[in-house]
file entry00.tsv (TSV, C-alpha atoms)
chain	number	residue	atom	x	y	z
G	1	MET	CA	36.14	15.97	105.83
G	2	THR	CA	39.34	15.80	103.81
G	3	TRP	CA	42.86	15.96	105.24
G	4	SER	CA	43.47	19.44	103.83
G	5	ALA	CA	40.31	20.80	105.45
G	6	THR	CA	41.32	19.22	108.76
G	7	ALA	CA	44.77	20.82	108.52
G	8	ARG	CA	43.29	24.22	107.78
G	9	GLY	CA	41.01	23.92	110.79
G	10	ALA	CA	43.91	22.99	113.07
G	11	HIS	CA	45.87	26.12	112.13
G	12	GLN	CA	42.91	28.50	112.06
G	13	PRO	CA	42.92	31.17	114.83
G	14	ASP	CA	40.24	31.04	117.50
G	15	ASN	CA	36.96	32.65	116.61
G	16	THR	CA	37.34	35.59	119.00
G	17	ALA	CA	37.04	39.31	118.43
G	18	PHE	CA	40.76	39.77	119.10
G	19	THR	CA	42.18	37.04	116.85
G	20	GLN	CA	39.66	37.71	114.08
G	21	GLN	CA	40.30	41.49	114.29
G	22	ARG	CA	36.72	42.43	115.06
G	23	LEU	CA	37.52	44.72	118.01
G	24	PRO	CA	36.02	48.19	117.80
G	25	ALA	CA	38.49	50.75	116.47
G	26	TRP	CA	38.59	54.52	116.15
G	27	GLN	CA	39.65	55.92	112.82
G	28	PRO	CA	39.94	59.69	113.06
G	29	LEU	CA	38.96	61.61	109.96
G	30	LEU	CA	41.13	64.69	110.04
G	31	SER	CA	39.26	67.70	108.77
G	32	ALA	CA	40.56	71.23	108.26
G	33	SER	CA	38.96	72.36	111.53
G	34	ILE	CA	41.07	69.75	113.39
G	35	ALA	CA	44.34	69.69	111.44
G	36	LEU	CA	44.89	73.45	111.09
G	37	PRO	CA	44.64	74.30	114.83
G	38	LEU	CA	47.01	71.40	115.56
G	39	PHE	CA	49.65	72.80	113.21
G	40	PHE	CA	49.30	76.35	114.57
G	41	CYS	CA	49.34	75.25	118.22
G	42	ALA	CA	52.33	72.96	117.68
G	43	GLY	CA	54.17	75.72	115.83
G	44	LEU	CA	53.54	78.27	118.58
G	45	ALA	CA	54.61	75.78	121.26
G	46	PHE	CA	57.84	74.95	119.42
G	47	ILE	CA	58.63	78.63	118.83
G	48	GLY	CA	58.02	79.49	122.48
G	49	LEU	CA	60.23	76.65	123.66
G	50	GLY	CA	62.87	77.51	121.06
G	51	LEU	CA	63.00	81.14	122.17
G	52	GLY	CA	63.42	80.07	125.78
G	53	LEU	CA	66.21	77.64	124.91
G	54	TYR	CA	67.97	80.10	122.60
G	55	TYR	CA	68.00	83.03	125.03
G	56	SER	CA	68.92	80.75	127.91
G	57	SER	CA	71.88	79.45	125.90
G	58	ASN	CA	72.97	82.97	124.98
G	59	GLY	CA	72.91	83.90	128.66
G	60	ILE	CA	75.61	81.33	129.45
G	61	LYS	CA	79.05	82.91	129.73
G	62	GLU	CA	82.08	81.18	128.23
G	63	LEU	CA	85.76	82.01	128.20
G	64	GLU	CA	88.00	79.88	126.00
G	65	TYR	CA	91.66	79.74	125.09
G	66	ASP	CA	93.39	77.76	122.35
G	67	TYR	CA	96.63	76.53	123.85
G	68	THR	CA	97.62	74.23	120.98
G	69	GLY	CA	100.77	76.27	120.53
G	70	ASP	CA	100.64	77.24	116.88
G	71	SER	CA	103.41	79.61	115.93
G	72	GLY	CA	102.90	83.07	117.43
G	73	THR	CA	99.85	82.12	119.53
G	74	GLY	CA	101.38	82.27	123.01
G	75	ASN	CA	104.02	80.71	125.21
G	76	CYS	CA	102.59	77.20	124.68
G	77	SER	CA	104.13	77.28	121.18
G	78	VAL	CA	107.49	76.43	122.79
G	79	CYS	CA	105.99	73.24	124.26
G	80	ALA	CA	104.33	72.34	120.95
G	81	ALA	CA	107.59	72.75	119.06
G	82	ALA	CA	109.52	70.72	121.65
G	83	GLY	CA	107.13	67.79	121.31
G	84	GLN	CA	106.90	67.81	117.52
G	85	GLY	CA	107.65	64.33	116.15
G	86	ARG	CA	108.45	62.84	119.56
G	87	ALA	CA	106.28	60.17	121.17
G	88	PRO	CA	105.67	60.62	123.98
G	89	PRO	CA	106.56	64.33	124.00
G	90	PRO	CA	108.86	65.61	126.78
G	91	PRO	CA	107.25	67.22	129.84
G	92	CYS	CA	106.64	70.93	129.34
G	93	SER	CA	104.73	73.73	131.06
G	94	CYS	CA	103.17	76.97	129.89
G	95	ALA	CA	100.68	79.48	131.25
G	96	TRP	CA	97.62	81.46	130.20
G	97	TYR	CA	97.03	84.89	131.75
G	98	PHE	CA	93.60	86.51	131.61
G	99	SER	CA	91.53	89.10	133.46
G	100	LEU	CA	87.84	89.19	134.35
G	101	PRO	CA	86.24	92.68	134.39
G	102	GLU	CA	83.31	91.41	136.45
G	103	LEU	CA	82.11	88.40	138.41
G	104	PHE	CA	81.99	85.20	136.34
G	105	GLN	CA	78.78	83.80	137.78
G	106	GLY	CA	79.09	80.32	139.24
G	107	PRO	CA	79.03	77.46	139.41
G	108	VAL	CA	81.90	77.51	136.92
G	109	TYR	CA	82.81	74.42	134.93
G	110	LEU	CA	86.26	73.87	133.43
G	111	TYR	CA	86.37	71.84	130.21
G	112	TYR	CA	89.04	70.81	127.77
G	113	GLU	CA	88.14	70.61	124.09
G	114	LEU	CA	89.78	68.66	121.28
G	115	THR	CA	89.15	69.18	117.57
G	116	ASN	CA	89.66	66.87	114.60
G	117	PHE	CA	89.81	63.86	116.94
G	118	TYR	CA	87.54	61.09	115.66
G	119	GLN	CA	86.66	59.04	118.71
G	120	ASN	CA	83.71	57.72	116.70
G	121	ASN	CA	86.02	55.79	114.33
G	122	ARG	CA	84.79	52.18	114.37
G	123	ARG	CA	88.17	50.54	114.96
G	124	TYR	CA	88.94	53.07	117.70
G	125	SER	CA	85.57	52.90	119.45
G	126	VAL	CA	85.65	49.09	119.85
G	127	SER	CA	89.30	48.98	120.94
G	128	ARG	CA	88.57	48.30	124.61
G	129	ASP	CA	87.78	45.41	126.94
G	130	ASP	CA	84.70	46.11	129.04
G	131	ALA	CA	85.17	42.90	131.01
G	132	GLN	CA	88.68	44.01	131.95
G	133	LEU	CA	87.43	47.48	132.90
G	134	SER	CA	84.81	45.89	135.15
G	135	GLY	CA	87.61	44.33	137.22
G	136	LEU	CA	87.39	40.67	136.21
G	137	PRO	CA	90.76	39.04	137.03
G	138	SER	CA	90.56	36.65	134.06
G	139	ALA	CA	90.00	39.53	131.62
G	140	LEU	CA	92.86	41.45	133.24
G	141	ARG	CA	95.28	38.69	132.20
G	142	HIS	CA	93.68	37.90	128.85
G	143	PRO	CA	92.53	41.05	127.00
G	144	VAL	CA	90.19	40.61	124.05
G	145	ASN	CA	91.50	40.68	120.49
G	146	GLU	CA	89.70	43.97	119.78
G	147	CYS	CA	92.39	45.70	121.84
G	148	ALA	CA	95.12	44.85	119.30
G	149	PRO	CA	97.69	46.28	118.69
G	150	TYR	CA	97.44	47.49	122.30
G	151	GLN	CA	96.61	44.05	123.67
G	152	LEU	CA	100.07	42.83	124.69
G	153	SER	CA	103.27	44.73	125.42
G	154	ALA	CA	106.55	44.16	123.60
G	155	ALA	CA	107.52	41.84	126.46
G	156	GLY	CA	104.32	39.82	126.00
G	157	LEU	CA	102.59	41.12	129.12
G	158	PRO	CA	98.86	41.93	128.97
G	159	ILE	CA	98.22	45.67	128.78
G	160	ALA	CA	95.91	47.10	131.43
G	161	PRO	CA	93.88	48.96	130.41
G	162	CYS	CA	94.12	47.66	126.88
G	163	GLY	CA	92.99	49.25	123.63
G	164	ALA	CA	93.45	52.41	121.60
G	165	ILE	CA	91.01	54.49	123.68
G	166	ALA	CA	92.95	53.96	126.89
G	167	ASN	CA	96.29	54.39	125.12
G	168	SER	CA	95.24	57.85	123.90
G	169	LEU	CA	94.18	59.07	127.38
G	170	PHE	CA	94.24	62.87	127.63
G	171	ASN	CA	97.00	63.72	130.10
G	172	ASP	CA	97.34	67.51	130.14
G	173	SER	CA	96.75	69.01	133.59
G	174	PHE	CA	95.73	72.47	134.76
G	175	SER	CA	95.79	74.59	137.90
G	176	LEU	CA	94.08	77.96	138.34
G	177	TRP	CA	95.57	80.88	140.28
G	178	HIS	CA	93.99	84.19	141.29
G	179	GLN	CA	96.03	87.34	141.85
G	180	ARG	CA	95.42	88.61	145.34
G	181	LEU	CA	95.25	92.33	145.97
G	182	PRO	CA	96.99	94.45	147.16
G	183	ASP	CA	100.20	92.38	147.41
G	184	GLY	CA	99.85	90.93	143.89
G	185	LEU	CA	100.57	87.35	144.98
G	186	TYR	CA	98.78	84.49	143.25
G	187	VAL	CA	96.67	82.11	145.33
G	188	GLU	CA	95.48	78.79	144.00
G	189	VAL	CA	91.79	78.42	143.20
G	190	PRO	CA	90.50	75.02	144.41
G	191	LEU	CA	89.36	72.78	141.56
G	192	ASP	CA	86.79	70.13	142.47
G	193	ARG	CA	87.81	67.05	140.49
G	194	SER	CA	85.29	64.69	142.11
G	195	GLY	CA	82.07	63.53	140.51
G	196	ILE	CA	82.99	64.59	136.96
G	197	ALA	CA	82.16	61.17	135.45
G	198	TRP	CA	78.70	59.78	134.75
G	199	TRP	CA	77.24	58.04	137.80
G	200	THR	CA	76.53	54.83	135.86
G	201	ASP	CA	80.07	54.73	134.47
G	202	TYR	CA	81.77	55.28	137.81
G	203	HIS	CA	79.54	53.06	139.95
G	204	VAL	CA	78.49	50.34	137.50
G	205	LYS	CA	80.73	49.94	134.46
G	206	PHE	CA	84.19	50.51	135.93
G	207	ARG	CA	85.67	48.48	138.79
G	208	ASN	CA	89.16	47.73	140.01
G	209	PRO	CA	90.21	44.08	140.28
G	210	PRO	CA	90.14	42.56	143.78
G	211	LEU	CA	93.01	43.75	145.97
G	212	VAL	CA	95.87	41.33	146.65
G	213	ASN	CA	97.03	41.55	150.26
G	214	GLY	CA	95.32	44.93	150.43
G	215	SER	CA	97.39	46.29	147.52
G	216	LEU	CA	96.09	47.49	144.17
G	217	ALA	CA	99.62	47.41	142.74
G	218	LEU	CA	99.83	43.66	143.46
G	219	ALA	CA	96.44	43.18	141.78
G	220	PHE	CA	97.92	44.65	138.58
G	221	GLN	CA	101.20	42.76	138.92
G	222	GLY	CA	102.11	40.97	135.71
G	223	THR	CA	100.47	43.60	133.48
G	224	ALA	CA	101.95	46.51	131.53
G	225	PRO	CA	100.66	50.08	131.08
G	226	PRO	CA	99.64	51.31	127.61
G	227	PRO	CA	102.64	52.39	125.47
G	228	ASN	CA	101.83	56.12	125.67
G	229	TRP	CA	101.45	56.14	129.46
G	230	ARG	CA	104.27	57.32	131.70
G	231	ARG	CA	102.97	55.43	134.74
G	232	PRO	CA	100.80	52.39	135.46
G	233	VAL	CA	97.06	52.67	135.96
G	234	TYR	CA	97.26	52.10	139.72
G	235	GLU	CA	99.36	55.28	140.06
G	236	LEU	CA	96.96	57.65	138.30
G	237	SER	CA	96.14	59.32	141.62
G	238	PRO	CA	97.39	59.11	145.22
G	239	ASP	CA	93.76	58.90	146.34
G	240	PRO	CA	92.88	55.18	146.70
G	241	ASN	CA	89.27	55.98	145.77
G	242	ASN	CA	90.34	57.69	142.54
G	243	THR	CA	92.97	55.45	141.01
G	244	GLY	CA	93.08	52.43	138.77
G	245	PHE	CA	90.08	51.81	136.54
G	246	ILE	CA	87.90	54.11	138.69
G	247	ASN	CA	90.03	57.21	138.15
G	248	GLN	CA	87.60	60.01	137.29
G	249	ASP	CA	89.68	61.42	134.41
G	250	PHE	CA	90.09	57.95	132.94
G	251	VAL	CA	86.36	57.16	133.20
G	252	VAL	CA	85.46	60.49	131.54
G	253	TRP	CA	87.87	59.81	128.67
G	254	MET	CA	86.60	56.28	128.08
G	255	ARG	CA	83.11	57.60	127.25
G	256	THR	CA	83.79	58.28	123.58
G	257	ALA	CA	82.38	61.31	121.77
G	258	ALA	CA	80.13	61.14	118.71
G	259	LEU	CA	81.65	64.14	116.89
G	260	PRO	CA	85.27	65.04	116.02
G	261	THR	CA	85.06	68.25	118.07
G	262	PHE	CA	84.13	67.50	121.67
G	263	ARG	CA	84.46	68.76	125.22
G	264	LYS	CA	85.08	66.78	128.36
G	265	LEU	CA	84.65	68.00	131.91
G	266	TYR	CA	87.90	68.55	133.82
G	267	ALA	CA	86.77	70.19	137.06
G	268	ARG	CA	84.18	72.35	138.82
G	269	ILE	CA	84.91	75.59	140.65
G	270	ARG	CA	82.52	75.72	143.59
G	271	GLN	CA	84.53	75.64	146.79
G	272	GLY	CA	85.70	78.20	149.32
G	273	ASN	CA	85.59	81.85	148.28
G	274	TYR	CA	84.72	80.82	144.74
G	275	SER	CA	81.39	79.10	145.36
G	276	ALA	CA	79.56	82.06	143.80
G	277	GLY	CA	81.89	82.17	140.80
G	278	LEU	CA	85.18	83.77	139.81
G	279	PRO	CA	85.52	87.32	141.15
G	280	ARG	CA	86.84	90.09	138.96
G	281	GLY	CA	90.61	90.30	138.75
G	282	ALA	CA	93.68	88.74	137.14
G	283	TYR	CA	94.13	84.99	136.78
G	284	ARG	CA	96.73	82.53	135.62
G	285	VAL	CA	96.25	78.96	134.40
G	286	ASN	CA	99.32	76.75	134.70
G	287	ILE	CA	99.25	74.14	131.95
G	288	THR	CA	101.22	70.92	131.96
G	289	TYR	CA	101.56	70.36	128.23
G	290	ASN	CA	101.74	66.63	127.46
G	291	TYR	CA	99.12	65.74	124.88
G	292	PRO	CA	100.20	65.96	121.20
G	293	VAL	CA	97.55	67.08	118.69
G	294	ARG	CA	99.47	68.77	115.89
G	295	ALA	CA	100.28	65.43	114.22
G	296	PHE	CA	96.61	65.00	113.23
G	297	GLY	CA	95.84	68.69	112.73
G	298	GLY	CA	93.92	69.03	115.97
G	299	HIS	CA	93.60	71.83	118.49
G	300	LYS	CA	93.38	71.93	122.28
G	301	LEU	CA	91.24	74.46	124.10
G	302	LEU	CA	90.53	75.37	127.71
G	303	ILE	CA	86.98	76.56	128.42
G	304	PHE	CA	85.45	78.16	131.49
G	305	SER	CA	81.68	77.98	131.32
G	306	SER	CA	78.65	78.67	133.46
G	307	ILE	CA	75.43	76.65	133.13
G	308	SER	CA	71.68	77.24	133.13
G	309	TRP	CA	68.57	75.12	133.67
G	310	MET	CA	69.14	73.56	130.22
G	311	GLY	CA	72.79	72.65	130.93
G	312	GLY	CA	75.74	74.02	128.97
G	313	LYS	CA	75.81	76.37	126.02
G	314	ASN	CA	73.98	74.84	123.06
G	315	PRO	CA	72.35	77.34	120.66
G	316	PHE	CA	71.60	74.60	118.12
G	317	LEU	CA	68.77	73.13	120.19
G	318	GLY	CA	66.92	76.46	120.39
G	319	ILE	CA	67.45	77.14	116.68
G	320	ALA	CA	66.16	73.66	115.81
G	321	TYR	CA	62.94	74.25	117.79
G	322	LEU	CA	62.49	77.66	116.12
G	323	VAL	CA	62.91	76.16	112.64
G	324	VAL	CA	60.47	73.32	113.30
G	325	GLY	CA	57.92	75.71	114.83
G	326	SER	CA	58.20	78.08	111.86
G	327	LEU	CA	57.74	75.19	109.44
G	328	CYS	CA	54.62	74.05	111.31
G	329	ILE	CA	53.06	77.51	111.12
G	330	LEU	CA	54.06	77.92	107.46
G	331	THR	CA	52.53	74.54	106.65
G	332	GLY	CA	49.39	75.55	108.51
G	333	PHE	CA	49.03	78.74	106.45
G	334	VAL	CA	49.61	76.82	103.20
G	335	MET	CA	46.94	74.29	104.16
G	336	LEU	CA	44.59	77.11	105.16
G	337	ILE	CA	45.01	78.83	101.78
G	338	VAL	CA	44.43	75.55	99.93
G	339	TYR	CA	41.36	74.82	102.05
G	340	ILE	CA	39.83	78.27	101.46
G	341	ARG	CA	40.50	78.08	97.73
G	342	TYR	CA	38.92	74.66	97.24
G	343	GLN	CA	36.10	75.51	99.64
G	344	ASP	CA	35.18	78.46	97.41
G	345	GLN	CA	35.28	76.23	94.34
G	346	GLU	CA	32.95	73.72	95.98
G	347	ASP	CA	30.52	76.52	96.87
G	348	ASP	CA	30.57	77.77	93.25
G	349	ASP	CA	29.93	74.26	91.96
G	350	GLU	CA	26.95	73.83	94.28
G	351	GLU	CA	25.46	77.08	93.04
call {"tool": "encode", "arguments": {"input": "entry00.tsv", "output": "structure tokens"}}
result
Amino acid sequence: MTWSATARGAHQPDNTAFTQQRLPAWQPLLSASIALPLFFCAGLAFIGLGLGLYYSSNGIKELEYDYTGDSGTGNCSVCAAAGQGRAPPPPCSCAWYFSLPELFQGPVYLYYELTNFYQNNRRYSVSRDDAQLSGLPSALRHPVNECAPYQLSAAGLPIAPCGAIANSLFNDSFSLWHQRLPDGLYVEVPLDRSGIAWWTDYHVKFRNPPLVNGSLALAFQGTAPPPNWRRPVYELSPDPNNTGFINQDFVVWMRTAALPTFRKLYARIRQGNYSAGLPRGAYRVNITYNYPVRAFGGHKLLIFSSISWMGGKNPFLGIAYLVVGSLCILTGFVMLIVYIRYQDQEDDDEE
């Protein structure tokens, strides 16, 4: 036996059914009697599901208001004009008055929406330090280079939280008031701000650094807030379970959106006399106008929305299922016509 034959034998797979690919296999031969019913059944299933999704989405009620403050669009235009070209803009407040002719079925979700804001920009989306956000003390003092130019402050202190995403945190705030009859006084509607972030984000990805002498402020000592923030991260909320890196609003904002127009959950309305929804009547939303959007041609909207078994309003999903189902049935009919035509030709040839 030569050396080359010996080498080939050493590298040859074992003589088994698996390694030599001799296992029994099933190769389906799709005939017209199998393929056509599959197309028709799939098409009918997709159309049925699409109709259910589409009508369910249309049954969701939404009420939205653009409070960007473009000229002549409401009293928020004063706030927009006051903040034009100033960073950060000065504190300003405005209000939105609306009436409901009937019960707005609950539970009601309050969202804010931004347009023309590209959170999916590559440089923007990587401008964060996940190790810092997880509460590691070493990362708190030494942010990663991806956070630049929001890595260090002008005084050379590490920024916490660092990066462009954190620096652009949405900081408008809202309160909802319901006009009480018959005295006409407004009473505040309780907004449930808890549990608005994803469970995995709040409980796994985001952690505060270890407390120093029982103080979160001492844990962040020696760091600086992002340039656009008016207060440090440990003062985001008076609630010790909702401040620092685990602040619900902050966690929601840090989950970046894939499209330039996006919504983020602000609160739920499900407490007290409003657990069944918003009763008919007059309402007022007090808006603390802080967030500038006119510089990049964006808009800010407030949205009240109900939900269904499929979640929020999303007509695209139902339309997509309807289109795919229609294409399946159309393809099935085309294949059926081709099959009948060539079947007739084969019968003529045999005769």
call {"tool": "residues_near_point", "arguments": {"input": "entry00.tsv", "point": "(61.1, 72.9, 116.3)", "cutoff": "9 Å", "atoms": "only C-alpha atoms", "output": "compact mmCIF listing (two decimals) with C-alpha atoms, keeping the file's coordinate frame"}}
result
# COMPACT_ATOMS: atom_id res chain seq x y z
CA ALA G 42 52.33 72.96 117.68
CA GLY G 43 54.17 75.72 115.83
CA ALA G 45 54.61 75.78 121.26
CA PHE G 46 57.84 74.95 119.42
CA ILE G 47 58.63 78.63 118.83
CA LEU G 49 60.23 76.65 123.66
CA GLY G 50 62.87 77.51 121.06
CA LEU G 317 68.77 73.13 120.19
CA GLY G 318 66.92 76.46 120.39
CA ILE G 319 67.45 77.14 116.68
CA ALA G 320 66.16 73.66 115.81
CA TYR G 321 62.94 74.25 117.79
CA LEU G 322 62.49 77.66 116.12
CA VAL G 323 62.91 76.16 112.64
CA VAL G 324 60.47 73.32 113.30
CA GLY G 325 57.92 75.71 114.83
CA SER G 326 58.20 78.08 111.86
CA LEU G 327 57.74 75.19 109.44
CA CYS G 328 54.62 74.05 111.31
call {"tool": "closest_residue", "arguments": {"input": "entry00.tsv", "among": "G:Ile307, G:Leu301, G:Leu218, G:Val293", "to": "Ala81 (chain G)", "atoms": "all atoms listed in the file"}}
result
G:Val293
call {"tool": "residues_around", "arguments": {"input": "entry00.tsv", "residues": "region 183-193 of chain G", "least_positions_apart": "3", "cutoff": "6 Å", "atoms": "only C-alpha atoms", "output": "list in words"}}
result
Leu176, Trp177, His178, Gln179, Arg180, Ala267, Arg268 and Ile269 of chain G
call {"tool": "residues_around", "arguments": {"input": "entry00.tsv", "residues": "Leu36 (chain G)", "least_positions_apart": "2", "cutoff": "9 Å", "atoms": "only C-alpha atoms", "output": "PDB file with C-alpha atoms, in the frame of the given file"}}
result
ATOM      1  CA  SER G  31      39.260  67.700 108.770  1.00  0.00           C
ATOM      2  CA  ALA G  32      40.560  71.230 108.260  1.00  0.00           C
ATOM      3  CA  SER G  33      38.960  72.360 111.530  1.00  0.00           C
ATOM      4  CA  ILE G  34      41.070  69.750 113.390  1.00  0.00           C
ATOM      5  CA  LEU G  38      47.010  71.400 115.560  1.00  0.00           C
ATOM      6  CA  PHE G  39      49.650  72.800 113.210  1.00  0.00           C
ATOM      7  CA  PHE G  40      49.300  76.350 114.570  1.00  0.00           C
ATOM      8  CA  CYS G  41      49.340  75.250 118.220  1.00  0.00           C
ATOM      9  CA  THR G 331      52.530  74.540 106.650  1.00  0.00           C
ATOM     10  CA  GLY G 332      49.390  75.550 108.510  1.00  0.00           C
ATOM     11  CA  PHE G 333      49.030  78.740 106.450  1.00  0.00           C
ATOM     12  CA  MET G 335      46.940  74.290 104.160  1.00  0.00           C
ATOM     13  CA  LEU G 336      44.590  77.110 105.160  1.00  0.00           C
TER      14      LEU G 336
END
call {"tool": "closest_residue", "arguments": {"input": "entry00.tsv", "among": "G:Phe220, G:Trp96, G:Tyr266, G:Trp198", "to": "Phe245 (chain G)", "atoms": "all atoms listed in the file"}}
result
G:Phe220
call {"tool": "residues_around", "arguments": {"input": "entry00.tsv", "residues": "Pro143 (chain G)", "least_positions_apart": "5", "cutoff": "8 Å", "atoms": "only C-alpha atoms", "output": "list of chain:residue names"}}
result
G:Asp129, G:Gln132, G:Gln151, G:Pro158, G:Ile159, G:Cys162
call {"tool": "residues_around", "arguments": {"input": "entry00.tsv", "residues": "region 98-101 of chain G", "least_positions_apart": "6", "cutoff": "6 Å", "atoms": "all atoms listed in the file", "output": "PyMOL selection string"}}
result
chain G and resi 280-283
call {"tool": "closest_residue", "arguments": {"input": "entry00.tsv", "among": "G:Ser173, G:Gln27, G:Ser275, G:Thr243", "to": "Tyr112 (chain G)", "atoms": "only C-alpha atoms"}}
result
G:Ser173
call {"tool": "closest_residue", "arguments": {"input": "entry00.tsv", "among": "G:Tyr111, G:Tyr234, G:Tyr67, G:Tyr150", "to": "Leu216 (chain G)", "atoms": "all atoms listed in the file"}}
result
G:Tyr234
call {"tool": "residues_around", "arguments": {"input": "entry00.tsv", "residues": "Asn247 (chain G)", "least_positions_apart": "5", "cutoff": "10 Å", "atoms": "all atoms listed in the file", "output": "VMD selection string"}}
result
chain G and resid 194 197 202 206 to 208 233 to 237 239 to 242 252
call {"tool": "write_last_selection", "arguments": {"input": "entry00.tsv", "atoms": "C-alpha atoms", "output": "PDB file, keeping the file's coordinate frame"}}
result
ATOM      1  CA  SER G 194      85.290  64.690 142.110  1.00  0.00           C
ATOM      2  CA  ALA G 197      82.160  61.170 135.450  1.00  0.00           C
ATOM      3  CA  TYR G 202      81.770  55.280 137.810  1.00  0.00           C
ATOM      4  CA  PHE G 206      84.190  50.510 135.930  1.00  0.00           C
ATOM      5  CA  ARG G 207      85.670  48.480 138.790  1.00  0.00           C
ATOM      6  CA  ASN G 208      89.160  47.730 140.010  1.00  0.00           C
ATOM      7  CA  VAL G 233      97.060  52.670 135.960  1.00  0.00           C
ATOM      8  CA  TYR G 234      97.260  52.100 139.720  1.00  0.00           C
ATOM      9  CA  GLU G 235      99.360  55.280 140.060  1.00  0.00           C
ATOM     10  CA  LEU G 236      96.960  57.650 138.300  1.00  0.00           C
ATOM     11  CA  SER G 237      96.140  59.320 141.620  1.00  0.00           C
ATOM     12  CA  ASP G 239      93.760  58.900 146.340  1.00  0.00           C
ATOM     13  CA  PRO G 240      92.880  55.180 146.700  1.00  0.00           C
ATOM     14  CA  ASN G 241      89.270  55.980 145.770  1.00  0.00           C
ATOM     15  CA  ASN G 242      90.340  57.690 142.540  1.00  0.00           C
ATOM     16  CA  VAL G 252      85.460  60.490 131.540  1.00  0.00           C
TER      17      VAL G 252
END
call {"tool": "closest_residue", "arguments": {"input": "entry00.tsv", "among": "G:Leu330, G:Met254, G:Leu53, G:Leu169", "to": "Pro226 (chain G)", "atoms": "all atoms listed in the file"}}
result
G:Leu169
call {"tool": "residues_near_point", "arguments": {"input": "entry00.tsv", "point": "(85.8, 55.9, 126.7)", "cutoff": "12 Å", "atoms": "all atoms listed in the file", "output": "PyMOL selection string"}}
result
chain G and resi 119-120+124-130+133+161-170+197-198+201-202+205-206+245+248-258+264
call {"tool": "axis_aligned_box", "arguments": {"input": "entry00.tsv", "around": "region 224-239 of chain G", "padding_each_side": "6 Å", "output": "AutoDock Vina command-line options"}}
result
--center_x 99.0 --center_y 52.9 --center_z 135.9 --size_x 22.5 --size_y 24.8 --size_z 32.9
call {"tool": "closest_residue", "arguments": {"input": "entry00.tsv", "among": "G:Ala276, G:Ile287, G:Leu44, G:Leu51", "to": "Val108 (chain G)", "atoms": "all atoms listed in the file"}}
result
G:Ala276
call {"tool": "atom_distance", "arguments": {"input": "entry00.tsv", "atom1": "CA of Pro232 (chain G)", "atom2": "CA of Trp199 (chain G)"}}
result
24.3 Å
call {"tool": "atom_distance", "arguments": {"input": "entry00.tsv", "atom1": "CA of Pro279 (chain G)", "atom2": "CA of Asn314 (chain G)"}}
result
24.8 Å
call {"tool": "atom_distance", "arguments": {"input": "entry00.tsv", "atom1": "CA of Lys61 (chain G)", "atom2": "CA of Lys313 (chain G)"}}
result
8.2 Å
